[in-house]
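Text of protein-v1.cif, listed as mmCIF, C-alpha atoms:
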data_entry
loop_
_atom_site.group_PDB
_atom_site.id
_atom_site.type_symbol
_atom_site.label_atom_id
_atom_site.label_comp_id
_atom_site.auth_asym_id
_atom_site.auth_seq_id
_atom_site.Cartn_x
_atom_site.Cartn_y
_atom_site.Cartn_z
ATOM 1 C CA MET A 411 8.760 -66.438 37.530
ATOM 2 C CA ILE A 412 8.386 -69.973 38.837
ATOM 3 C CA ILE A 413 11.538 -71.770 39.921
ATOM 4 C CA TYR A 414 11.299 -75.544 40.142
ATOM 5 C CA LYS A 415 13.567 -77.774 42.122
ATOM 6 C CA ARG A 416 15.633 -80.216 40.122
ATOM 7 C CA GLY A 417 13.675 -83.223 41.401
ATOM 8 C CA LYS A 418 10.341 -81.670 40.531
ATOM 9 C CA MET A 419 11.483 -80.937 36.973
ATOM 10 C CA LYS A 420 12.639 -84.537 36.545
ATOM 11 C CA LYS A 421 9.224 -85.685 37.684
ATOM 12 C CA ILE A 422 7.409 -83.408 35.211
ATOM 13 C CA ILE A 423 9.700 -84.429 32.351
ATOM 14 C CA GLY A 424 9.205 -88.067 33.336
ATOM 15 C CA TYR A 425 5.441 -87.666 33.117
ATOM 16 C CA LEU A 426 5.716 -86.059 29.676
ATOM 17 C CA ILE A 427 7.986 -88.831 28.381
ATOM 18 C CA ALA A 428 5.665 -91.496 29.806
ATOM 19 C CA VAL A 429 2.704 -89.865 28.040
ATOM 20 C CA LEU A 430 4.646 -89.939 24.754
ATOM 21 C CA GLY A 431 5.274 -93.645 25.265
ATOM 22 C CA ILE A 432 1.589 -94.265 25.969
ATOM 23 C CA ILE A 433 0.659 -92.346 22.816
ATOM 24 C CA GLY A 434 3.037 -94.606 20.872
ATOM 25 C CA ILE A 435 1.433 -97.700 22.374
ATOM 26 C CA ALA A 436 -1.990 -96.340 21.416
ATOM 27 C CA ALA A 437 -0.729 -95.741 17.878
ATOM 28 C CA TYR A 438 0.402 -99.378 17.754
ATOM 29 C CA SER A 439 -2.949 -100.622 19.024
ATOM 30 C CA ILE A 440 -5.231 -98.398 16.923
ATOM 31 C CA PRO A 441 -4.237 -98.134 13.245
ATOM 32 C CA GLN A 442 -6.515 -95.122 12.668
ATOM 33 C CA PHE A 443 -4.744 -93.259 15.475
ATOM 34 C CA LYS A 444 -1.392 -94.052 13.832
ATOM 35 C CA ALA A 445 -2.667 -92.492 10.616
ATOM 36 C CA VAL A 446 -3.936 -89.390 12.437
ATOM 37 C CA LEU A 447 -0.553 -88.881 14.114
ATOM 38 C CA GLY A 448 1.164 -89.090 10.744
ATOM 39 C CA ILE A 449 3.575 -91.869 11.686
ATOM 40 C CA PRO A 450 5.165 -93.127 8.465
ATOM 41 C CA SER A 451 4.097 -96.573 7.312
ATOM 42 C CA SER A 452 7.772 -97.467 6.873
ATOM 43 C CA ILE A 453 8.029 -97.831 10.674
ATOM 44 C CA ASN A 454 7.297 -101.437 11.518
ATOM 45 C CA ASP A 455 4.576 -102.098 14.130
ATOM 46 C CA THR A 456 6.964 -104.177 16.246
ATOM 47 C CA THR A 457 9.552 -101.389 16.192
ATOM 48 C CA LEU A 458 6.900 -98.860 17.193
ATOM 49 C CA LEU A 459 5.747 -101.037 20.099
ATOM 50 C CA ILE A 460 9.257 -101.717 21.423
ATOM 51 C CA ALA A 461 10.283 -98.058 21.153
ATOM 52 C CA SER A 462 7.055 -96.925 22.846
ATOM 53 C CA LEU A 463 7.498 -99.388 25.716
ATOM 54 C CA ILE A 464 11.086 -98.253 26.254
ATOM 55 C CA ILE A 465 10.071 -94.576 26.183
ATOM 56 C CA ALA A 466 7.207 -95.212 28.632
ATOM 57 C CA ALA A 467 9.535 -97.144 30.968
ATOM 58 C CA ILE A 468 12.085 -94.310 30.931
ATOM 59 C CA GLY A 469 9.322 -91.817 31.700
ATOM 60 C CA VAL A 470 8.018 -93.859 34.617
ATOM 61 C CA PHE A 471 11.562 -94.281 35.950
ATOM 62 C CA LEU A 472 12.203 -90.529 35.820
ATOM 63 C CA SER A 473 8.867 -89.649 37.389
ATOM 64 C CA LEU A 474 9.385 -92.080 40.270
ATOM 65 C CA LYS A 475 12.987 -91.034 40.836
ATOM 66 C CA GLY A 476 12.339 -87.306 40.442
ATOM 67 C CA ASN A 477 11.047 -86.225 43.830
ATOM 68 C CA ARG A 478 13.290 -88.030 46.272
ATOM 69 C CA THR A 479 14.600 -86.058 49.167
ATOM 70 C CA ARG A 480 17.165 -87.230 51.621
ATOM 71 C CA ALA A 481 15.548 -87.692 54.961
ATOM 72 C CA HIS A 482 17.519 -86.430 57.929
ATOM 73 C CA SER A 483 20.395 -84.946 55.956
ATOM 74 C CA GLU A 484 20.540 -82.129 58.511
ATOM 75 C CA VAL A 485 19.844 -82.653 62.185
ATOM 76 C CA PRO A 486 18.711 -79.711 64.325
ATOM 77 C CA ILE A 487 20.837 -78.611 67.295
ATOM 78 C CA PHE A 488 18.693 -77.609 70.259
ATOM 79 C CA HIS A 489 19.528 -75.308 73.143
ATOM 80 C CA GLY A 490 16.636 -75.949 75.486
ATOM 81 C CA LYS A 491 13.529 -75.697 73.328
ATOM 82 C CA HIS A 492 15.076 -73.479 70.666
ATOM 83 C CA VAL A 493 16.832 -74.616 67.506
ATOM 84 C CA VAL A 494 20.205 -72.880 67.367
ATOM 85 C CA GLY A 495 21.615 -74.547 64.269
ATOM 86 C CA TYR A 496 21.790 -77.601 62.075
ATOM 87 C CA ARG A 497 24.397 -80.324 61.830
ATOM 88 C CA ARG A 498 24.963 -82.472 58.763
ATOM 89 C CA HIS A 499 24.384 -86.091 59.538
#
Rendering of file as structure tokens:
Amino acid sequence: MIIYKRGKMKKIIGYLIAVLGIIGIAAYSIPQFKAVLGIPSSINDTTLLIASLIIAAIGVFLSLKGNRTRAHSEVPIFHGKHVVGYRRH
């Protein structure tokens, strides 16, 4: 069983959402692709483009924000050359 950290999952989900947005932009650009995907013709092209751009932006935001770690949140306590504990900074 693979256990992912919360940040890594956000990054993976962000990539998937960004890919969905890019697929929507491709469907806007290529009418044959829109027909293959089965997107109803009742959805306006402008609406499809705006929704796809928003979805892609959300995906990029999540993928960039997903893997941030706090640098120096714990500082090692040394006794000579040995680490004897950690202190929250």
Kindly resolve the PyMOL selection byres ((chain A and resi 447) around 12) on the present coordinates and return the residues as an MDAnalysis selection string.
-> chainID A and resid 430 433:434 436:438 440:446 448:451
Starting from the shown file, work through the PyMOL selection byres ((chain A and resi 454-468) around 8) and note down what comes out as a PyMOL selection string.
-> chain A and resi 424+427-435+438+451-453+469-472
Using C-alpha atoms, can you write the selected residues to a file as a JSON list (two decimals), keeping the file's coordinate frame?
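Below is the file result17.json, written as the result:
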[["chain", "number", "residue", "atom", "x", "y", "z"],
["A", 424, "GLY", "CA", 9.20, -88.07, 33.34],
["A", 427, "ILE", "CA", 7.99, -88.83, 28.38],
["A", 428, "ALA", "CA", 5.66, -91.50, 29.81],
["A", 429, "VAL", "CA", 2.70, -89.86, 28.04],
["A", 430, "LEU", "CA", 4.65, -89.94, 24.75],
["A", 431, "GLY", "CA", 5.27, -93.64, 25.26],
["A", 432, "ILE", "CA", 1.59, -94.26, 25.97],
["A", 433, "ILE", "CA", 0.66, -92.35, 22.82],
["A", 434, "GLY", "CA", 3.04, -94.61, 20.87],
["A", 435, "ILE", "CA", 1.43, -97.70, 22.37],
["A", 438, "TYR", "CA", 0.40, -99.38, 17.75],
["A", 451, "SER", "CA", 4.10, -96.57, 7.31],
["A", 452, "SER", "CA", 7.77, -97.47, 6.87],
["A", 453, "ILE", "CA", 8.03, -97.83, 10.67],
["A", 469, "GLY", "CA", 9.32, -91.82, 31.70],
["A", 470, "VAL", "CA", 8.02, -93.86, 34.62],
["A", 471, "PHE", "CA", 11.56, -94.28, 35.95],
["A", 472, "LEU", "CA", 12.20, -90.53, 35.82]]
Tell me which residues the PyMOL selection byres ((chain A and resi 496) around 8) grabs here, as JSON, numbers by chain.
-> {"A": [484, 485, 486, 487, 493, 494, 495, 497, 498]}
Could you give me the axis-aligned bounding box of segment 444-463 of chain A, with 6 Å of padding per side, as centre plus edge lengths in Å to one decimal, as AutoDock Vina command-line options?
--center_x 3.2 --center_y -96.5 --center_z 16.3 --size_x 26.2 --size_y 27.3 --size_z 30.8
Some atoms are missing, so please complete segment 451-474 of chain A with N, CA and C atoms and return it as a PDB file, in the frame of the given file.
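The result, written out as part-v2.pdb:
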ATOM      1  N   SER A 451       4.394 -95.143   7.389  1.00  0.00           N
ATOM      2  CA  SER A 451       4.097 -96.573   7.312  1.00  0.00           C
ATOM      3  C   SER A 451       5.377 -97.396   7.208  1.00  0.00           C
ATOM      4  N   SER A 452       6.503 -96.741   6.954  1.00  0.00           N
ATOM      5  CA  SER A 452       7.772 -97.467   6.873  1.00  0.00           C
ATOM      6  C   SER A 452       8.238 -97.951   8.248  1.00  0.00           C
ATOM      7  N   ILE A 453       7.687 -97.383   9.320  1.00  0.00           N
ATOM      8  CA  ILE A 453       8.029 -97.831  10.674  1.00  0.00           C
ATOM      9  C   ILE A 453       7.216 -99.081  10.967  1.00  0.00           C
ATOM     10  N   ASN A 454       7.921-100.151  11.237  1.00  0.00           N
ATOM     11  CA  ASN A 454       7.297-101.437  11.518  1.00  0.00           C
ATOM     12  C   ASN A 454       6.498-101.361  12.821  1.00  0.00           C
ATOM     13  N   ASP A 455       5.392-102.108  12.910  1.00  0.00           N
ATOM     14  CA  ASP A 455       4.576-102.098  14.130  1.00  0.00           C
ATOM     15  C   ASP A 455       5.351-102.617  15.336  1.00  0.00           C
ATOM     16  N   THR A 456       6.176-103.632  15.133  1.00  0.00           N
ATOM     17  CA  THR A 456       6.964-104.177  16.246  1.00  0.00           C
ATOM     18  C   THR A 456       7.972-103.141  16.741  1.00  0.00           C
ATOM     19  N   THR A 457       8.594-102.433  15.820  1.00  0.00           N
ATOM     20  CA  THR A 457       9.552-101.389  16.192  1.00  0.00           C
ATOM     21  C   THR A 457       8.860-100.273  16.959  1.00  0.00           C
ATOM     22  N   LEU A 458       7.670 -99.900  16.508  1.00  0.00           N
ATOM     23  CA  LEU A 458       6.900 -98.860  17.193  1.00  0.00           C
ATOM     24  C   LEU A 458       6.544 -99.288  18.614  1.00  0.00           C
ATOM     25  N   LEU A 459       6.123-100.542  18.770  1.00  0.00           N
ATOM     26  CA  LEU A 459       5.747-101.037  20.099  1.00  0.00           C
ATOM     27  C   LEU A 459       6.945-101.077  21.033  1.00  0.00           C
ATOM     28  N   ILE A 460       8.060-101.609  20.566  1.00  0.00           N
ATOM     29  CA  ILE A 460       9.257-101.717  21.423  1.00  0.00           C
ATOM     30  C   ILE A 460       9.761-100.328  21.815  1.00  0.00           C
ATOM     31  N   ALA A 461       9.815 -99.414  20.851  1.00  0.00           N
ATOM     32  CA  ALA A 461      10.283 -98.058  21.153  1.00  0.00           C
ATOM     33  C   ALA A 461       9.331 -97.364  22.130  1.00  0.00           C
ATOM     34  N   SER A 462       8.032 -97.556  21.949  1.00  0.00           N
ATOM     35  CA  SER A 462       7.055 -96.925  22.846  1.00  0.00           C
ATOM     36  C   SER A 462       7.152 -97.477  24.261  1.00  0.00           C
ATOM     37  N   LEU A 463       7.351 -98.787  24.385  1.00  0.00           N
ATOM     38  CA  LEU A 463       7.498 -99.388  25.716  1.00  0.00           C
ATOM     39  C   LEU A 463       8.755 -98.878  26.415  1.00  0.00           C
ATOM     40  N   ILE A 464       9.843 -98.761  25.665  1.00  0.00           N
ATOM     41  CA  ILE A 464      11.086 -98.253  26.254  1.00  0.00           C
ATOM     42  C   ILE A 464      10.914 -96.797  26.691  1.00  0.00           C
ATOM     43  N   ILE A 465      10.290 -95.985  25.846  1.00  0.00           N
ATOM     44  CA  ILE A 465      10.071 -94.576  26.183  1.00  0.00           C
ATOM     45  C   ILE A 465       9.169 -94.450  27.405  1.00  0.00           C
ATOM     46  N   ALA A 466       8.108 -95.261  27.472  1.00  0.00           N
ATOM     47  CA  ALA A 466       7.207 -95.212  28.632  1.00  0.00           C
ATOM     48  C   ALA A 466       7.937 -95.644  29.899  1.00  0.00           C
ATOM     49  N   ALA A 467       8.783 -96.679  29.797  1.00  0.00           N
ATOM     50  CA  ALA A 467       9.535 -97.144  30.968  1.00  0.00           C
ATOM     51  C   ALA A 467      10.507 -96.076  31.464  1.00  0.00           C
ATOM     52  N   ILE A 468      11.165 -95.394  30.546  1.00  0.00           N
ATOM     53  CA  ILE A 468      12.085 -94.310  30.931  1.00  0.00           C
ATOM     54  C   ILE A 468      11.310 -93.189  31.619  1.00  0.00           C
ATOM     55  N   GLY A 469      10.143 -92.861  31.095  1.00  0.00           N
ATOM     56  CA  GLY A 469       9.322 -91.817  31.700  1.00  0.00           C
ATOM     57  C   GLY A 469       8.864 -92.174  33.097  1.00  0.00           C
ATOM     58  N   VAL A 470       8.444 -93.417  33.279  1.00  0.00           N
ATOM     59  CA  VAL A 470       8.018 -93.859  34.617  1.00  0.00           C
ATOM     60  C   VAL A 470       9.198 -93.845  35.574  1.00  0.00           C
ATOM     61  N   PHE A 471      10.367 -94.292  35.110  1.00  0.00           N
ATOM     62  CA  PHE A 471      11.562 -94.281  35.950  1.00  0.00           C
ATOM     63  C   PHE A 471      11.911 -92.868  36.398  1.00  0.00           C
ATOM     64  N   LEU A 472      11.879 -91.918  35.464  1.00  0.00           N
ATOM     65  CA  LEU A 472      12.203 -90.529  35.820  1.00  0.00           C
ATOM     66  C   LEU A 472      11.166 -89.925  36.759  1.00  0.00           C
ATOM     67  N   SER A 473       9.893 -90.241  36.535  1.00  0.00           N
ATOM     68  CA  SER A 473       8.867 -89.649  37.389  1.00  0.00           C
ATOM     69  C   SER A 473       8.907 -90.233  38.795  1.00  0.00           C
ATOM     70  N   LEU A 474       9.284 -91.492  38.928  1.00  0.00           N
ATOM     71  CA  LEU A 474       9.385 -92.080  40.270  1.00  0.00           C
ATOM     72  C   LEU A 474      10.654 -91.628  40.984  1.00  0.00           C
TER      73      LEU A 474
END
